[in-house]
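Enquirer: Next comes the structure file target.tsv, holding TSV, C-alpha atoms and all ligand atoms.
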```tsv
chain	number	residue	atom	x	y	z
L	1	MET	CA	-37.83	-5.16	-21.94
L	2	THR	CA	-35.97	-5.57	-18.65
L	3	ALA	CA	-32.37	-4.41	-18.42
L	4	PRO	CA	-29.69	-7.13	-18.17
L	5	PRO	CA	-28.56	-7.79	-14.60
L	6	VAL	CA	-25.83	-5.65	-13.04
L	7	ASP	CA	-22.95	-8.11	-12.83
L	8	LEU	CA	-20.68	-7.42	-9.84
L	9	ARG	CA	-19.54	-11.02	-9.37
L	10	SER	CA	-15.99	-10.21	-10.44
L	11	ASP	CA	-13.89	-7.81	-12.48
L	12	THR	CA	-13.29	-10.74	-14.84
L	13	VAL	CA	-16.79	-10.52	-16.36
L	14	THR	CA	-15.96	-7.57	-18.66
L	15	ARG	CA	-16.39	-7.97	-22.43
L	16	PRO	CA	-13.70	-6.59	-24.72
L	17	SER	CA	-14.74	-3.14	-25.97
L	18	THR	CA	-15.07	-2.19	-29.63
L	19	GLY	CA	-11.69	-0.45	-29.53
L	20	MET	CA	-10.05	-3.47	-27.94
L	21	ARG	CA	-11.61	-5.81	-30.49
L	22	ARG	CA	-10.26	-3.58	-33.25
L	23	ALA	CA	-6.77	-3.73	-31.73
L	24	ILE	CA	-7.08	-7.52	-31.57
L	25	ALA	CA	-8.19	-7.69	-35.21
L	26	GLU	CA	-5.30	-5.54	-36.39
L	27	ALA	CA	-2.54	-7.20	-34.34
L	28	ASP	CA	0.72	-8.02	-36.08
L	29	VAL	CA	1.44	-11.68	-35.24
L	30	GLY	CA	4.04	-14.44	-35.54
L	31	ASP	CA	4.73	-17.84	-33.99
L	32	ASP	CA	5.71	-17.09	-30.41
L	33	VAL	CA	6.98	-20.63	-29.72
L	34	LEU	CA	9.05	-20.77	-32.91
L	35	ASP	CA	10.72	-17.39	-33.11
L	36	GLY	CA	8.57	-14.85	-31.33
L	37	ASP	CA	5.37	-12.94	-31.88
L	38	PRO	CA	6.03	-9.20	-32.37
L	39	THR	CA	2.96	-7.97	-30.47
L	40	THR	CA	3.55	-10.35	-27.59
L	41	ARG	CA	7.17	-9.16	-27.42
L	42	ARG	CA	5.98	-5.57	-27.25
L	43	LEU	CA	3.60	-6.32	-24.42
L	44	GLU	CA	6.28	-8.28	-22.56
L	45	ALA	CA	8.84	-5.49	-22.92
L	46	ARG	CA	6.35	-2.83	-21.87
L	47	THR	CA	5.16	-4.83	-18.87
L	48	ALA	CA	8.72	-5.56	-17.74
L	49	GLU	CA	9.51	-1.86	-17.83
L	50	LEU	CA	6.29	-0.91	-16.05
L	51	LEU	CA	7.09	-3.36	-13.27
L	52	GLY	CA	10.75	-2.42	-12.92
L	53	HIS	CA	12.16	-5.71	-14.19
L	54	GLU	CA	14.47	-6.86	-17.00
L	55	ALA	CA	12.03	-9.21	-18.67
L	56	ALA	CA	8.46	-10.44	-18.70
L	57	LEU	CA	6.63	-13.39	-20.19
L	58	PHE	CA	3.02	-13.53	-21.40
L	59	PHE	CA	0.74	-16.27	-20.04
L	60	PRO	CA	-2.81	-17.41	-20.76
L	61	SER	CA	-3.76	-17.10	-17.09
L	62	GLY	CA	-2.64	-15.67	-13.79
L	63	THR	CA	-2.72	-19.13	-12.28
L	64	GLN	CA	-0.24	-20.44	-14.83
L	65	ALA	CA	2.01	-17.43	-14.30
L	66	ASN	CA	1.84	-17.81	-10.51
L	67	GLN	CA	2.58	-21.51	-10.76
L	68	THR	CA	5.48	-20.92	-13.11
L	69	ALA	CA	6.91	-18.61	-10.45
L	70	MET	CA	6.46	-21.40	-7.91
L	71	GLY	CA	8.32	-23.75	-10.24
L	72	LEU	CA	11.15	-21.22	-10.30
L	73	LEU	CA	11.31	-20.34	-6.62
L	74	ALA	CA	10.30	-23.43	-4.74
L	75	GLN	CA	11.65	-26.94	-4.38
L	76	ARG	CA	10.01	-30.26	-3.54
L	77	GLY	CA	9.46	-30.61	0.17
L	78	GLY	CA	10.32	-26.96	0.69
L	79	GLU	CA	7.94	-24.52	2.30
L	80	LEU	CA	6.29	-21.50	0.77
L	81	ILE	CA	5.32	-18.82	3.27
L	82	LEU	CA	2.07	-17.18	2.28
L	83	GLU	CA	-0.95	-15.46	3.78
L	84	ALA	CA	-3.87	-17.62	4.90
L	85	GLY	CA	-6.30	-16.25	2.31
L	86	ALA	CA	-3.87	-16.33	-0.61
L	87	HIS	CA	-5.11	-17.05	-4.13
L	88	LEU	CA	-2.13	-19.42	-4.47
L	89	LEU	CA	-3.56	-21.50	-1.64
L	90	HIS	CA	-7.30	-21.46	-2.27
L	91	TYR	CA	-8.01	-20.90	-5.94
L	92	GLU	CA	-5.36	-22.77	-7.90
L	93	GLN	CA	-6.60	-26.34	-7.53
L	94	GLY	CA	-3.93	-27.42	-5.09
L	95	ALA	CA	-1.24	-26.74	-7.68
L	96	LEU	CA	1.43	-26.00	-5.06
L	97	ALA	CA	1.15	-29.59	-3.90
L	98	ALA	CA	0.13	-31.22	-7.17
L	99	LEU	CA	2.79	-29.65	-9.41
L	100	TRP	CA	5.71	-28.78	-7.17
L	101	GLY	CA	5.41	-30.80	-3.96
L	102	VAL	CA	5.56	-27.55	-2.03
L	103	GLN	CA	4.30	-27.38	1.53
L	104	PRO	CA	2.38	-24.19	2.30
L	105	ARG	CA	3.47	-22.45	5.50
L	106	VAL	CA	0.39	-20.39	6.18
L	107	VAL	CA	0.38	-17.16	8.18
L	108	ALA	CA	-2.86	-15.35	8.95
L	109	ALA	CA	-2.51	-11.58	8.73
L	110	PRO	CA	-5.05	-8.86	9.56
L	111	ASP	CA	-6.77	-7.77	6.31
L	112	GLY	CA	-4.44	-10.10	4.43
L	113	ARG	CA	-1.51	-7.75	5.02
L	114	LEU	CA	1.62	-9.78	5.67
L	115	SER	CA	4.38	-8.04	7.60
L	116	ALA	CA	8.12	-8.62	7.87
L	117	ASP	CA	7.62	-9.80	11.46
L	118	LEU	CA	5.00	-12.35	10.44
L	119	VAL	CA	7.23	-13.59	7.64
L	120	LYS	CA	10.22	-13.76	10.00
L	121	SER	CA	8.22	-15.79	12.50
L	122	ALA	CA	7.47	-18.37	9.78
L	123	ILE	CA	10.97	-18.77	8.37
L	124	ARG	CA	12.41	-22.08	9.56
L	125	PRO	CA	15.74	-22.12	11.33
L	126	ARG	CA	18.20	-24.51	9.72
L	127	SER	CA	17.68	-27.84	11.44
L	128	PRO	CA	17.79	-31.53	10.56
L	129	HIS	CA	14.30	-31.81	12.10
L	130	LEU	CA	12.54	-29.05	10.22
L	131	PRO	CA	11.51	-28.46	6.62
L	132	THR	CA	13.39	-25.84	4.62
L	133	THR	CA	11.82	-22.51	3.79
L	134	ALA	CA	11.89	-22.13	0.01
L	135	ALA	CA	10.22	-18.84	-0.80
L	136	VAL	CA	7.68	-16.21	0.26
L	137	ALA	CA	4.64	-14.96	-1.64
L	138	VAL	CA	2.56	-11.83	-1.07
L	139	GLU	CA	-0.67	-10.75	-2.78
L	140	ASN	CA	-1.37	-7.11	-3.65
L	141	THR	CA	-4.19	-6.21	-3.70
L	142	HIS	CA	-5.40	-9.10	-1.58
L	143	ASN	CA	-8.45	-10.63	-3.21
L	144	SER	CA	-10.10	-12.63	-0.44
L	145	ALA	CA	-9.38	-9.95	2.16
L	146	GLY	CA	-11.44	-7.55	0.05
L	147	GLY	CA	-8.99	-5.82	-2.27
L	148	THR	CA	-6.76	-4.54	0.53
L	149	VAL	CA	-3.49	-2.83	-0.34
L	150	LEU	CA	-0.16	-3.97	1.08
L	151	PRO	CA	1.70	-0.67	1.57
L	152	LEU	CA	5.06	-0.12	-0.10
L	153	GLU	CA	6.83	0.11	3.28
L	154	SER	CA	5.55	-3.35	4.21
L	155	MET	CA	6.69	-4.73	0.87
L	156	ARG	CA	10.14	-3.21	1.44
L	157	ASP	CA	10.42	-4.65	4.94
L	158	ILE	CA	9.30	-8.07	3.74
L	159	ARG	CA	11.75	-7.95	0.85
L	160	ARG	CA	14.59	-7.06	3.22
L	161	THR	CA	13.74	-9.96	5.54
L	162	VAL	CA	13.42	-12.37	2.63
L	163	VAL	CA	16.77	-11.36	1.14
L	164	GLU	CA	18.51	-11.47	4.54
L	165	HIS	CA	17.47	-15.11	4.76
L	166	GLY	CA	18.66	-15.89	1.25
L	167	LEU	CA	15.10	-16.49	0.00
L	168	LEU	CA	13.08	-15.25	-2.98
L	169	LEU	CA	9.88	-13.21	-2.96
L	170	HIS	CA	6.96	-13.61	-5.37
L	171	LEU	CA	4.30	-10.93	-5.76
L	172	ASP	CA	0.88	-12.12	-6.89
L	173	GLY	CA	-0.20	-8.81	-8.37
L	174	ALA	CA	-3.25	-9.86	-10.37
L	175	ARG	CA	-4.66	-6.51	-9.16
L	176	LEU	CA	-1.40	-4.62	-8.68
L	177	TRP	CA	-2.92	-1.96	-10.97
L	178	ASN	CA	-5.51	-1.29	-8.29
L	179	ALA	CA	-2.93	-1.27	-5.49
L	180	SER	CA	-0.78	1.20	-7.40
L	181	ALA	CA	-3.69	3.54	-8.12
L	182	ALA	CA	-5.07	3.39	-4.58
L	183	ALA	CA	-1.72	3.85	-2.83
L	184	GLY	CA	-0.33	6.40	-5.26
L	185	VAL	CA	2.73	4.17	-5.65
L	186	THR	CA	4.14	3.46	-9.10
L	187	LEU	CA	3.94	-0.06	-10.48
L	188	ASP	CA	7.72	-0.30	-10.70
L	189	ALA	CA	8.13	0.75	-7.06
L	190	PHE	CA	5.86	-2.11	-6.00
L	191	GLY	CA	7.16	-4.51	-8.64
L	192	GLY	CA	10.80	-3.82	-7.88
L	193	GLU	CA	10.35	-5.15	-4.34
L	194	ALA	CA	9.80	-8.73	-5.51
L	195	HIS	CA	11.95	-11.18	-7.49
L	196	THR	CA	8.99	-12.29	-9.59
L	197	VAL	CA	5.77	-10.36	-10.20
L	198	MET	CA	2.55	-11.59	-11.74
L	199	VAL	CA	0.02	-9.12	-13.17
L	200	SER	CA	-3.31	-9.91	-14.86
L	201	PHE	CA	-4.81	-8.17	-17.87
L	202	SER	CA	-8.10	-10.01	-17.50
L	203	LYS	CA	-9.18	-8.36	-14.23
L	204	GLY	CA	-9.58	-4.58	-13.94
L	205	LEU	CA	-7.96	-3.91	-17.31
L	206	GLY	CA	-10.79	-5.60	-19.15
L	207	CYS	CA	-8.92	-8.03	-21.42
L	208	PRO	CA	-10.42	-11.37	-22.40
L	209	VAL	CA	-7.25	-13.35	-21.56
L	210	GLY	CA	-3.75	-12.89	-20.28
L	211	SER	CA	-1.25	-12.29	-17.52
L	212	CYS	CA	2.46	-11.57	-17.37
L	213	LEU	CA	5.22	-12.76	-15.11
L	214	ALA	CA	8.15	-10.36	-14.72
L	215	GLY	CA	11.60	-10.86	-13.25
L	216	SER	CA	15.29	-10.98	-14.14
L	217	ARG	CA	16.26	-12.13	-17.63
L	218	ASP	CA	17.75	-15.28	-16.16
L	219	LEU	CA	14.57	-16.14	-14.23
L	220	MET	CA	12.38	-15.43	-17.27
L	221	ASP	CA	14.55	-17.65	-19.50
L	222	ARG	CA	13.90	-20.48	-17.07
L	223	ALA	CA	10.24	-19.46	-16.78
L	224	ARG	CA	9.84	-19.94	-20.54
L	225	THR	CA	10.77	-23.60	-20.18
L	226	ILE	CA	8.32	-24.11	-17.32
L	227	ARG	CA	5.58	-22.28	-19.21
L	228	ARG	CA	6.07	-24.62	-22.16
L	229	ARG	CA	5.94	-27.61	-19.83
L	230	LEU	CA	2.62	-26.36	-18.42
L	231	GLY	CA	1.17	-26.01	-21.91
L	232	GLY	CA	1.43	-22.23	-22.00
L	233	GLY	CA	3.47	-21.95	-25.20
L	234	MET	CA	1.09	-20.04	-27.47
L	235	ARG	CA	1.57	-19.41	-31.18
L	236	GLN	CA	-0.04	-16.22	-32.64
L	237	SER	CA	-0.47	-14.90	-29.11
L	238	GLY	CA	-0.25	-11.33	-30.40
L	239	ILE	CA	-4.02	-11.60	-30.88
L	240	LEU	CA	-4.28	-11.68	-27.08
L	241	ALA	CA	-1.32	-9.44	-26.29
L	242	ALA	CA	-2.82	-6.69	-28.46
L	243	ALA	CA	-5.68	-6.49	-25.98
L	244	GLY	CA	-3.15	-6.04	-23.17
L	245	LEU	CA	-1.37	-3.20	-24.98
L	246	TYR	CA	-4.71	-1.56	-25.70
L	247	ALA	CA	-5.69	-1.89	-22.04
L	248	LEU	CA	-2.46	-0.27	-20.82
L	249	ASP	CA	-3.16	2.66	-23.14
L	250	HIS	CA	-6.88	3.06	-22.44
L	251	ASN	CA	-8.00	1.25	-19.31
L	252	LEU	CA	-5.21	1.61	-16.76
L	253	SER	CA	-5.69	5.30	-16.05
L	254	ARG	CA	-9.42	4.90	-15.43
L	255	ILE	CA	-9.10	2.20	-12.76
L	256	THR	CA	-9.65	4.81	-10.03
L	257	ASP	CA	-13.22	5.14	-11.40
L	258	ASP	CA	-13.80	1.57	-10.20
L	259	HIS	CA	-12.54	2.51	-6.74
L	260	ALA	CA	-14.81	5.56	-6.60
L	261	ARG	CA	-17.79	3.41	-7.62
L	262	ALA	CA	-16.96	0.76	-5.03
L	263	ALA	CA	-16.92	3.51	-2.40
L	264	ARG	CA	-20.27	4.80	-3.70
L	265	LEU	CA	-21.78	1.33	-3.48
L	266	ALA	CA	-20.47	0.88	0.06
L	267	ASP	CA	-21.74	4.31	1.14
L	268	GLY	CA	-25.10	3.69	-0.48
L	269	ILE	CA	-25.86	0.67	1.71
L	270	ALA	CA	-23.88	1.57	4.83
L	271	ALA	CA	-27.00	2.77	6.65
L	272	LEU	CA	-28.83	-0.57	6.30
L	273	ASP	CA	-28.97	-2.20	9.72
L	274	SER	CA	-29.00	-5.69	8.17
L	275	VAL	CA	-25.46	-5.44	6.87
L	276	HIS	CA	-21.97	-4.43	7.85
L	277	VAL	CA	-20.02	-3.09	4.89
L	278	VAL	CA	-16.25	-3.26	4.98
L	279	PRO	CA	-15.05	0.11	3.65
L	280	PRO	CA	-13.38	-0.74	0.33
L	281	GLU	CA	-9.79	0.28	-0.38
L	282	THR	CA	-10.02	-0.56	-4.09
L	283	ASN	CA	-12.70	-2.16	-6.30
L	284	ILE	CA	-13.88	-5.00	-4.05
L	285	VAL	CA	-16.74	-4.52	-1.60
L	286	MET	CA	-17.23	-7.11	1.12
L	287	ILE	CA	-20.66	-7.08	2.72
L	288	ASP	CA	-21.29	-8.99	5.94
L	289	LEU	CA	-24.89	-10.06	6.34
L	290	LEU	CA	-26.32	-9.81	9.83
L	291	ARG	CA	-29.63	-11.55	9.03
L	292	ASP	CA	-29.38	-13.53	5.80
L	293	SER	CA	-27.16	-16.35	4.62
L	294	ALA	CA	-24.88	-15.45	1.73
L	295	ASP	CA	-26.40	-18.04	-0.60
L	296	ASP	CA	-29.91	-16.86	0.10
L	297	ALA	CA	-29.02	-13.19	-0.28
L	298	ALA	CA	-27.14	-13.81	-3.54
L	299	ARG	CA	-30.11	-15.71	-4.95
L	300	ARG	CA	-32.60	-13.01	-4.01
L	301	LEU	CA	-30.33	-10.24	-5.29
L	302	ALA	CA	-30.06	-12.10	-8.60
L	303	GLU	CA	-33.85	-12.15	-8.83
L	304	ALA	CA	-33.73	-8.36	-8.33
L	305	GLY	CA	-31.21	-7.97	-11.17
L	306	LEU	CA	-27.93	-7.84	-9.23
L	307	LEU	CA	-25.28	-10.53	-9.42
L	308	VAL	CA	-22.79	-10.92	-6.54
L	309	VAL	CA	-20.91	-13.93	-5.17
L	310	PRO	CA	-21.32	-15.56	-1.77
L	311	PHE	CA	-18.00	-15.36	0.05
L	312	GLY	CA	-18.33	-17.65	3.02
L	313	PHE	CA	-21.51	-18.25	4.99
L	314	ALA	CA	-22.63	-14.69	5.74
L	315	ARG	CA	-20.57	-12.51	3.43
L	316	ILE	CA	-21.13	-11.45	-0.16
L	317	ARG	CA	-18.61	-9.87	-2.52
L	318	ALA	CA	-19.34	-7.17	-5.09
L	319	VAL	CA	-16.62	-6.05	-7.51
L	320	THR	CA	-16.72	-2.93	-9.67
L	321	HIS	CA	-15.17	-2.91	-13.13
L	322	LEU	CA	-15.00	-1.35	-16.58
L	323	ASP	CA	-18.46	-2.51	-17.62
L	324	VAL	CA	-20.39	-0.89	-14.76
L	325	GLY	CA	-21.08	2.83	-14.70
L	326	ASP	CA	-22.80	5.17	-12.27
L	327	ARG	CA	-26.22	4.04	-13.46
L	328	GLU	CA	-25.42	0.40	-12.63
L	329	ILE	CA	-24.11	1.34	-9.19
L	330	GLU	CA	-27.36	3.15	-8.50
L	331	ARG	CA	-29.29	0.05	-9.54
L	332	ALA	CA	-27.05	-2.12	-7.34
L	333	VAL	CA	-27.65	0.12	-4.31
L	334	ASN	CA	-31.40	0.06	-4.92
L	335	ALA	CA	-31.45	-3.74	-5.30
L	336	MET	CA	-29.53	-4.16	-2.04
L	337	LYS	CA	-31.79	-1.76	-0.18
L	338	HIS	CA	-34.83	-3.56	-1.53
L	339	VAL	CA	-33.63	-7.12	-0.89
L	340	LEU	CA	-31.51	-6.75	2.25
L	341	GLY	CA	-33.16	-3.71	3.85
T	1	LIG	C1	-7.57	-13.89	-10.51
T	1	LIG	C2	-6.38	-14.04	-9.65
T	1	LIG	C3	-5.32	-14.90	-10.00
T	1	LIG	C4	-5.35	-15.87	-11.16
T	1	LIG	O1	-5.84	-15.46	-12.32
T	1	LIG	P1	-6.51	-16.42	-13.41
T	1	LIG	O2	-6.22	-15.67	-14.66
T	1	LIG	O3	-7.95	-16.51	-13.07
T	1	LIG	O4	-5.83	-17.74	-13.38
T	1	LIG	C5	-4.23	-14.92	-9.19
T	1	LIG	N1	-4.17	-14.17	-8.08
T	1	LIG	C6	-5.16	-13.36	-7.70
T	1	LIG	C7	-5.01	-12.55	-6.47
T	1	LIG	C8	-6.30	-13.27	-8.47
T	1	LIG	O5	-7.30	-12.48	-8.07
```
Do you think you could lay out the structure here as structure tokens?
Ligand SMILES: *Cc1c(COP(=O)(O)O)cnc(C)c1O

Expert:
Amino acid sequence: MTAPPVDLRSDTVTRPSTGMRRAIAEADVGDDVLDGDPTTRRLEARTAELLGHEAALFFPSGTQANQTAMGLLAQRGGELILEAGAHLLHYEQGALAALWGVQPRVVAAPDGRLSADLVKSAIRPRSPHLPTTAAVAVENTHNSAGGTVLPLESMRDIRRTVVEHGLLLHLDGARLWNASAAAGVTLDAFGGEAHTVMVSFSKGLGCPVGSCLAGSRDLMDRARTIRRRLGGGMRQSGILAAAGLYALDHNLSRITDDHARAARLADGIAALDSVHVVPPETNIVMIDLLRDSADDAARRLAEAGLLVVPFGFARIRAVTHLDVGDREIERAVNAMKHVLG
């Protein structure tokens, strides 16, 4: 019998563990649209506190939570300043335009790390000829840049610039857990620098479903209306929130294991002269192929029992997560040596 493939396509591929499934089965539930689900309320309160905000709201997906934030912060015809590789721009089905009529004002930053100066350069002066800047969004860690961390000092500087201009700042923190662990910065220190913060439970924390948006009580009251409008009003959502609570108790503190394994994977193939490996800061390893196309390499790696995703023409992405251990990393290194070496 051959072993199942090592799946490094994303940290979303994890299956809920036995303990998590038990927590789901035992969750105390109510109707969250009618008068509140007790488990969902617990997760929301705990997440708000973790992120340094007054309130949080549970969502079925990070995309819906991000877009709800856009509904709060942006206005039709206004501009959203964001980094050129942002999830909000590339992976949300054009929702900025389709839902809110927002015009993206894109700024390319090295390694996806926006700075206060870059943000400042994109803020429109008041003029009858120019569009109005509505809001700013940052992503931490930055997915398409390879899980890079935006340092706390940069977040602070950006926040200051944003506030000086009377704007609002959104933090897409689907992987803020990873940023916090890698930088040694608490979640509330990062979270407190933005007006709205999105975090995902379905990435490194290993939950089947769920994200939260955090912010002031006033913003979250308005967010509830937008969430309902987007179809995100869920009934016995405690079934899902229980997984989030379980993950905060059991899976958050181990996220550094994923970073160590990403580093091991990168080190293991660094000597191959057919690739250039970007040294990972967190759990995402970007591998530039010097000989193969990404599609071809991904296909041949799959045949050798390793799943990765093509990321552009000559780059593949491998992501470590809860469901891969040291043994799987060893197999991944061997498959890459065999196929790409
Ligand atoms: C995954 C992700 C999202 C959206 O999450 P979904 O739950 O897949 O909608 C948002 N931002 C970033 C940076 C992500 O990686």

Enquirer: So how many Å separate CA of Glu193 (chain L) and CA of Val162 (chain L), to one decimal?

Expert: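 Between these atoms lies a distance of 10.5 Å.
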
Enquirer: Sorted by chain and rising residue number, list the residues of chain L at most 7 Å from ligand LIG 1 (chain T) (counting all atoms listed in the file), each with its closest atom pair and distance in Å to one decimal, as JSON lines.

Expert:
```
{"residue": "L:Ser61", "atom": "CA", "partner": "T:LIG1", "partner_atom": "O2", "distance": 3.7}
{"residue": "L:Gly62", "atom": "CA", "partner": "T:LIG1", "partner_atom": "O1", "distance": 3.5}
{"residue": "L:Thr63", "atom": "CA", "partner": "T:LIG1", "partner_atom": "O4", "distance": 3.6}
{"residue": "L:Gln64", "atom": "CA", "partner": "T:LIG1", "partner_atom": "O4", "distance": 6.4}
{"residue": "L:Asn66", "atom": "CA", "partner": "T:LIG1", "partner_atom": "C5", "distance": 6.9}
{"residue": "L:His87", "atom": "CA", "partner": "T:LIG1", "partner_atom": "N1", "distance": 5.0}
{"residue": "L:Leu88", "atom": "CA", "partner": "T:LIG1", "partner_atom": "N1", "distance": 6.7}
{"residue": "L:Glu139", "atom": "CA", "partner": "T:LIG1", "partner_atom": "C7", "distance": 6.0}
{"residue": "L:Thr141", "atom": "CA", "partner": "T:LIG1", "partner_atom": "C7", "distance": 7.0}
{"residue": "L:His142", "atom": "CA", "partner": "T:LIG1", "partner_atom": "C7", "distance": 6.0}
{"residue": "L:Asn143", "atom": "CA", "partner": "T:LIG1", "partner_atom": "C7", "distance": 5.1}
{"residue": "L:Asp172", "atom": "CA", "partner": "T:LIG1", "partner_atom": "N1", "distance": 5.6}
{"residue": "L:Gly173", "atom": "CA", "partner": "T:LIG1", "partner_atom": "C7", "distance": 6.4}
{"residue": "L:Ala174", "atom": "CA", "partner": "T:LIG1", "partner_atom": "C6", "distance": 4.8}
{"residue": "L:Arg175", "atom": "CA", "partner": "T:LIG1", "partner_atom": "O5", "distance": 6.6}
{"residue": "L:Ser200", "atom": "CA", "partner": "T:LIG1", "partner_atom": "O2", "distance": 6.5}
{"residue": "L:Ser202", "atom": "CA", "partner": "T:LIG1", "partner_atom": "O2", "distance": 6.6}
{"residue": "L:Lys203", "atom": "CA", "partner": "T:LIG1", "partner_atom": "C1", "distance": 6.9}
{"residue": "L:Gly210", "atom": "CA", "partner": "T:LIG1", "partner_atom": "O2", "distance": 6.7}
{"residue": "L:Ser211", "atom": "CA", "partner": "T:LIG1", "partner_atom": "O2", "distance": 6.7}
```

Enquirer: Would you kindly return, as a compact mmCIF listing (two decimals) with C-alpha atoms, in the coordinates of the input, each protein, DNA or RNA residue with an atom no farther than 12 Å from any atom of Ser253 (chain L), considering only C-alpha atoms and excluding same-chain residues fewer than 4 positions away?

Expert:
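The resulting part.txt:
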```txt
# COMPACT_ATOMS: atom_id res chain seq x y z
CA TRP L 177 -2.92 -1.96 -10.97
CA ASN L 178 -5.51 -1.29 -8.29
CA SER L 180 -0.78 1.20 -7.40
CA ALA L 181 -3.69 3.54 -8.12
CA ALA L 182 -5.07 3.39 -4.58
CA GLY L 204 -9.58 -4.58 -13.94
CA LEU L 205 -7.96 -3.91 -17.31
CA TYR L 246 -4.71 -1.56 -25.70
CA ALA L 247 -5.69 -1.89 -22.04
CA LEU L 248 -2.46 -0.27 -20.82
CA ASP L 249 -3.16 2.66 -23.14
CA ASP L 257 -13.22 5.14 -11.40
CA ASP L 258 -13.80 1.57 -10.20
CA HIS L 259 -12.54 2.51 -6.74
CA LEU L 322 -15.00 -1.35 -16.58
```

Enquirer: What's the separation between CA of Arg159 (chain L) and CA of Glu44 (chain L), in Å to one decimal place?

Expert: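 Answer for the CA of Arg159 (chain L) to CA of Glu44 (chain L) separation: 24.0 Å.
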
Enquirer: List every protein, DNA or RNA residue with an atom no more than 10 Å from (7.4, -15.8, 8.4) in the file's coordinates, counting all atoms listed in the file, and format the result as a list of chain:residue names.

Expert: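 Checking each residue against the 10 Å limit leaves L:Leu80, L:Ile81, L:Leu82, L:Glu83, L:Arg105, L:Val106, L:Val107, L:Leu114, L:Ser115, L:Ala116, L:Asp117, L:Leu118, L:Val119, L:Lys120, L:Ser121, L:Ala122, L:Ile123, L:Arg124, L:Thr133, L:Val136, L:Ile158, L:Thr161, L:Val162.
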